[in-house]
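Okay, structure first, notes after.
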Amino acid sequence: MSDPGAAARISPLQKGVWWAQDYVYAAAWQVRGFLSRVQPASFRNGTRPPVVIIPGVYENWQFMMPLIQAIHDAGHPVHVVTVLQRNKLKVPDAAKLVAQHLEEAGLRDAILVAHSKGGLIGKYTMLSLDPEHRIDRMIAVCSPFSGSRYARYMLLPSLRIFSPRNALTLQMSRELAINSRITSLYGPFDPHIPEGSVLPGATNIELPVAGHFRILGDPATARIIVEQLNLPA
């Protein structure tokens, strides 16, 4: 559980350091993802429930490689929806691609592991595009379930959709029925989501590492995700 007032007690200097570290991490992994020659099919073997990776906006699947590797090492077959490319589609359109992958791959009891916008895509898929109940649950990292006030200042439509006033964000925030099937992970400070990622009715876990991107590469994040994956359905 998190302390609602903790972020306010963090010094501006500390926030600035975390912000800089976050962008250094993101830039490094964007380059590593571009240069990577790892094939997504190499992660599809495993005996435990399948996991489907949904990255954030402007992120390719390789951006989540630290988590993919840890999840696969724990015995889970890992699927990536490569047709999402850099995930610039509208949430409903991206969700259709996720649902299509689940069906075409014949996945059952699948667990979604999502970052940022990926959490919105995952929740939309669970709410509206899973009539056969192929998705068991979702683990989301730093997802703007309540939006981000910074979105109103963004020039690109692909970023403005994260506004707390966005119709789809408001609609999904009112949908509470499936929140009990979601685990939301976040740190003590997220430079992109000042509202935080606490989701009512979900399992909310605050991790010891700050940031929006850097949290993906922290061993604590991978450890908690693997622990959550191994909980009984």
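Labels for the structure tokens follow display order: chains A, B, ..., residues from 1 in each chain, ligands from 1.
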
* Asked: Can you list, as a count of residues only, every residue of segment 19-226 of chain A that DSSP puts in strand (DSSP E)?
  -> 29

Extract, using only C-alpha atoms, all DNA, RNA and protein residues at most 10 Å from Ile161 of chain A, discarding same-chain residues fewer than 3 positions from it, and format them as a short mmCIF file (atom, residue, chain, number, x, y, z; two decimals) with all heavy atoms, in the first residue's frame.
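Dumped to selection-v1.cif:
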data_model
loop_
_atom_site.label_atom_id
_atom_site.label_comp_id
_atom_site.auth_asym_id
_atom_site.auth_seq_id
_atom_site.Cartn_x
_atom_site.Cartn_y
_atom_site.Cartn_z
N LYS A 90 -4.93 4.40 -31.12
CA LYS A 90 -5.89 4.69 -30.07
C LYS A 90 -6.10 3.43 -29.23
O LYS A 90 -5.94 2.31 -29.72
CB LYS A 90 -7.21 5.15 -30.68
CG LYS A 90 -7.12 6.48 -31.42
CD LYS A 90 -8.47 6.86 -32.01
CE LYS A 90 -8.39 8.20 -32.74
NZ LYS A 90 -9.70 8.57 -33.35
N VAL A 91 -6.46 3.62 -27.98
CA VAL A 91 -6.60 2.50 -27.06
C VAL A 91 -7.53 1.42 -27.59
O VAL A 91 -7.17 0.23 -27.58
CB VAL A 91 -7.04 3.00 -25.67
CG1 VAL A 91 -7.49 1.83 -24.78
CG2 VAL A 91 -5.91 3.76 -24.99
N LYS A 117 0.56 3.21 -20.89
CA LYS A 117 -0.61 3.11 -21.75
C LYS A 117 -1.06 1.67 -21.92
O LYS A 117 -2.25 1.40 -22.11
CB LYS A 117 -0.28 3.72 -23.12
CG LYS A 117 -1.40 3.61 -24.15
CD LYS A 117 -0.93 4.09 -25.52
CE LYS A 117 -2.01 3.91 -26.58
NZ LYS A 117 -1.53 4.34 -27.93
N GLY A 147 -5.55 9.06 -15.60
CA GLY A 147 -5.02 10.08 -16.49
C GLY A 147 -3.83 10.80 -15.90
O GLY A 147 -3.36 10.50 -14.81
N SER A 148 -3.35 11.79 -16.64
CA SER A 148 -2.24 12.63 -16.20
C SER A 148 -2.53 14.07 -16.57
O SER A 148 -2.84 14.38 -17.73
CB SER A 148 -0.92 12.20 -16.86
OG SER A 148 0.09 13.16 -16.62
N ALA A 151 -1.01 15.80 -19.68
CA ALA A 151 -1.43 15.48 -21.04
C ALA A 151 -2.03 16.67 -21.77
O ALA A 151 -1.92 16.78 -22.99
CB ALA A 151 -2.42 14.32 -21.02
N ARG A 152 -2.65 17.57 -21.03
CA ARG A 152 -3.29 18.73 -21.68
C ARG A 152 -2.28 19.64 -22.37
O ARG A 152 -2.64 20.43 -23.24
CB ARG A 152 -4.10 19.51 -20.65
CG ARG A 152 -3.25 20.31 -19.68
CD ARG A 152 -4.06 20.96 -18.60
NE ARG A 152 -4.60 19.98 -17.67
CZ ARG A 152 -5.28 20.30 -16.57
NH1 ARG A 152 -5.53 21.57 -16.29
NH2 ARG A 152 -5.70 19.36 -15.75
N MET A 154 0.38 18.51 -24.03
CA MET A 154 1.03 17.79 -25.12
C MET A 154 0.44 18.18 -26.48
O MET A 154 -0.77 18.35 -26.60
CB MET A 154 0.88 16.28 -24.92
CG MET A 154 1.48 15.74 -23.63
SD MET A 154 3.29 15.88 -23.55
CE MET A 154 3.48 17.27 -22.42
N LEU A 156 0.86 16.29 -29.31
CA LEU A 156 0.49 15.11 -30.09
C LEU A 156 -0.79 14.48 -29.55
O LEU A 156 -0.93 14.26 -28.33
CB LEU A 156 1.63 14.08 -30.03
CG LEU A 156 2.97 14.53 -30.62
CD1 LEU A 156 4.04 13.49 -30.37
CD2 LEU A 156 2.82 14.79 -32.12
N PRO A 157 -1.74 14.15 -30.43
CA PRO A 157 -2.98 13.48 -29.98
C PRO A 157 -2.72 12.18 -29.25
O PRO A 157 -3.47 11.81 -28.36
CB PRO A 157 -3.73 13.25 -31.31
CG PRO A 157 -3.18 14.27 -32.26
CD PRO A 157 -1.75 14.44 -31.87
N SER A 158 -1.63 11.48 -29.63
CA SER A 158 -1.32 10.20 -28.99
C SER A 158 -0.95 10.37 -27.53
O SER A 158 -0.95 9.39 -26.76
CB SER A 158 -0.16 9.51 -29.73
OG SER A 158 0.96 10.36 -29.83
N PRO A 164 -7.02 13.55 -17.80
CA PRO A 164 -8.05 13.05 -16.88
C PRO A 164 -9.46 13.34 -17.38
O PRO A 164 -10.42 12.71 -16.91
CB PRO A 164 -7.76 13.80 -15.58
CG PRO A 164 -6.33 14.20 -15.68
CD PRO A 164 -6.09 14.47 -17.14
N ARG A 165 -9.59 14.29 -18.32
CA ARG A 165 -10.90 14.63 -18.86
C ARG A 165 -11.25 13.86 -20.13
O ARG A 165 -12.34 14.03 -20.67
CB ARG A 165 -10.95 16.14 -19.15
CG ARG A 165 -10.74 17.00 -17.90
CD ARG A 165 -10.78 18.48 -18.25
NE ARG A 165 -10.54 19.32 -17.08
CZ ARG A 165 -10.49 20.65 -17.11
NH1 ARG A 165 -10.64 21.29 -18.27
NH2 ARG A 165 -10.28 21.33 -15.99
N ASN A 166 -10.32 13.03 -20.59
CA ASN A 166 -10.58 12.24 -21.79
C ASN A 166 -11.78 11.33 -21.55
O ASN A 166 -11.89 10.67 -20.51
CB ASN A 166 -9.34 11.42 -22.13
CG ASN A 166 -9.55 10.53 -23.34
OD1 ASN A 166 -9.99 9.40 -23.20
ND2 ASN A 166 -9.22 11.03 -24.52
N ALA A 167 -12.68 11.28 -22.53
CA ALA A 167 -13.93 10.53 -22.36
C ALA A 167 -13.68 9.06 -22.07
O ALA A 167 -14.35 8.45 -21.22
CB ALA A 167 -14.81 10.69 -23.60
N LEU A 168 -12.72 8.47 -22.77
CA LEU A 168 -12.45 7.04 -22.57
C LEU A 168 -11.83 6.79 -21.20
O LEU A 168 -12.18 5.81 -20.51
CB LEU A 168 -11.52 6.52 -23.67
CG LEU A 168 -11.23 5.01 -23.62
CD1 LEU A 168 -12.51 4.21 -23.76
CD2 LEU A 168 -10.24 4.63 -24.73
N THR A 169 -10.92 7.67 -20.78
CA THR A 169 -10.32 7.53 -19.45
C THR A 169 -11.39 7.61 -18.38
O THR A 169 -11.41 6.81 -17.43
CB THR A 169 -9.26 8.62 -19.22
OG1 THR A 169 -8.22 8.48 -20.19
CG2 THR A 169 -8.66 8.52 -17.83
#

* Using only C-alpha atoms, determine which residues lie at most 10 Å from segment 192-198 of chain A, disregarding the query and same-chain residues fewer than 2 positions distant; provide the list as an NGL selection string. => :A and (1-2 or 4 or 7 or 19 or 116 or 140-151 or 162 or 164 or 183-190 or 200-206 or 211-213)

* To do: Using only C-alpha atoms, determine which residues lie at most 9 Å from His76 of chain A, disregarding the query and same-chain residues fewer than 6 positions distant; provide the list as a VMD selection string.
  => chain A and resid 43 to 51 229

Pull all heavy atoms from the residues just selected and write them as a JSON list (two decimals), in the first residue's frame.
[["chain", "number", "residue", "atom", "x", "y", "z"],
["A", 43, "PHE", "N", 10.70, -16.59, -26.88],
["A", 43, "PHE", "CA", 10.20, -16.56, -25.51],
["A", 43, "PHE", "C", 8.88, -17.33, -25.35],
["A", 43, "PHE", "O", 8.28, -17.29, -24.27],
["A", 43, "PHE", "CB", 9.98, -15.11, -25.07],
["A", 43, "PHE", "CG", 11.24, -14.29, -25.05],
["A", 43, "PHE", "CD1", 11.49, -13.37, -26.07],
["A", 43, "PHE", "CD2", 12.18, -14.44, -24.05],
["A", 43, "PHE", "CE1", 12.64, -12.61, -26.07],
["A", 43, "PHE", "CE2", 13.35, -13.68, -24.04],
["A", 43, "PHE", "CZ", 13.58, -12.76, -25.06],
["A", 44, "ARG", "N", 8.44, -18.01, -26.37],
["A", 44, "ARG", "CA", 7.10, -18.61, -26.32],
["A", 44, "ARG", "C", 7.04, -20.00, -25.69],
["A", 44, "ARG", "O", 5.96, -20.59, -25.62],
["A", 44, "ARG", "CB", 6.50, -18.67, -27.73],
["A", 44, "ARG", "CG", 6.10, -17.30, -28.25],
["A", 44, "ARG", "CD", 5.19, -17.41, -29.45],
["A", 44, "ARG", "NE", 4.76, -16.11, -29.94],
["A", 44, "ARG", "CZ", 3.88, -15.94, -30.91],
["A", 44, "ARG", "NH1", 3.35, -16.99, -31.51],
["A", 44, "ARG", "NH2", 3.55, -14.72, -31.29],
["A", 45, "ASN", "N", 8.16, -20.52, -25.26],
["A", 45, "ASN", "CA", 8.13, -21.83, -24.60],
["A", 45, "ASN", "C", 8.02, -21.65, -23.09],
["A", 45, "ASN", "O", 8.50, -20.67, -22.53],
["A", 45, "ASN", "CB", 9.38, -22.64, -24.94],
["A", 45, "ASN", "CG", 10.65, -21.97, -24.46],
["A", 45, "ASN", "OD1", 10.87, -20.79, -24.73],
["A", 45, "ASN", "ND2", 11.48, -22.69, -23.74],
["A", 46, "GLY", "N", 7.38, -22.60, -22.44],
["A", 46, "GLY", "CA", 7.20, -22.55, -20.99],
["A", 46, "GLY", "C", 6.01, -23.38, -20.57],
["A", 46, "GLY", "O", 5.13, -23.67, -21.38],
["A", 47, "THR", "N", 5.98, -23.76, -19.31],
["A", 47, "THR", "CA", 4.92, -24.64, -18.81],
["A", 47, "THR", "C", 3.91, -23.91, -17.93],
["A", 47, "THR", "O", 2.88, -24.49, -17.58],
["A", 47, "THR", "CB", 5.55, -25.79, -18.00],
["A", 47, "THR", "OG1", 6.32, -25.24, -16.92],
["A", 47, "THR", "CG2", 6.46, -26.64, -18.88],
["A", 48, "ARG", "N", 4.18, -22.69, -17.56],
["A", 48, "ARG", "CA", 3.27, -21.95, -16.69],
["A", 48, "ARG", "C", 2.30, -21.12, -17.53],
["A", 48, "ARG", "O", 2.42, -21.07, -18.76],
["A", 48, "ARG", "CB", 4.08, -21.07, -15.73],
["A", 48, "ARG", "CG", 4.87, -21.91, -14.71],
["A", 48, "ARG", "CD", 5.51, -21.10, -13.65],
["A", 48, "ARG", "NE", 6.03, -21.94, -12.58],
["A", 48, "ARG", "CZ", 6.58, -21.49, -11.47],
["A", 48, "ARG", "NH1", 6.67, -20.17, -11.27],
["A", 48, "ARG", "NH2", 7.03, -22.32, -10.55],
["A", 49, "PRO", "N", 1.32, -20.46, -16.92],
["A", 49, "PRO", "CA", 0.34, -19.69, -17.69],
["A", 49, "PRO", "C", 1.01, -18.67, -18.61],
["A", 49, "PRO", "O", 2.02, -18.06, -18.24],
["A", 49, "PRO", "CB", -0.50, -19.00, -16.60],
["A", 49, "PRO", "CG", -0.40, -19.92, -15.43],
["A", 49, "PRO", "CD", 1.00, -20.48, -15.48],
["A", 50, "PRO", "N", 0.46, -18.48, -19.80],
["A", 50, "PRO", "CA", 1.07, -17.56, -20.76],
["A", 50, "PRO", "C", 0.93, -16.11, -20.34],
["A", 50, "PRO", "O", -0.05, -15.72, -19.69],
["A", 50, "PRO", "CB", 0.28, -17.83, -22.05],
["A", 50, "PRO", "CG", -1.05, -18.33, -21.58],
["A", 50, "PRO", "CD", -0.76, -19.11, -20.33],
["A", 51, "VAL", "N", 1.91, -15.32, -20.72],
["A", 51, "VAL", "CA", 1.93, -13.90, -20.42],
["A", 51, "VAL", "C", 1.97, -13.11, -21.73],
["A", 51, "VAL", "O", 2.71, -13.46, -22.65],
["A", 51, "VAL", "CB", 3.16, -13.54, -19.55],
["A", 51, "VAL", "CG1", 3.32, -12.02, -19.42],
["A", 51, "VAL", "CG2", 3.05, -14.19, -18.18],
["A", 229, "LEU", "N", 2.55, -13.32, -10.65],
["A", 229, "LEU", "CA", 2.19, -14.29, -11.67],
["A", 229, "LEU", "C", 1.96, -15.68, -11.07],
["A", 229, "LEU", "O", 1.13, -16.46, -11.57],
["A", 229, "LEU", "CB", 3.31, -14.39, -12.72],
["A", 229, "LEU", "CG", 3.48, -13.20, -13.66],
["A", 229, "LEU", "CD1", 4.75, -13.37, -14.50],
["A", 229, "LEU", "CD2", 2.28, -13.04, -14.57]]

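Non-sequential neighbours of Gly106 of chain A (distance at most 12 Å, separation of 6 or more positions within a chain, only C-alpha atoms) are Pro50, His79, Ala99, Gln100, Glu132, His133, Arg134 and Ile135 of chain A.
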
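For the set A:Gly16, A:Pro191, A:Gly33, A:Gly56, the residue with the smallest atom-to-atom gap to Val113 of chain A is A:Gly56, counting only C-alpha atoms.
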
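Our summary of the geometry notes that atom CA of Gln30 of chain A is positioned 20.3 Å from atom CA of Val78 of chain A.
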
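When only C-alpha atoms are used to compute distances to Ile10 of chain A, the closest of the residues A:Ala210, A:Ala220, A:Ile215, A:Leu199 turns out to be A:Ala210.
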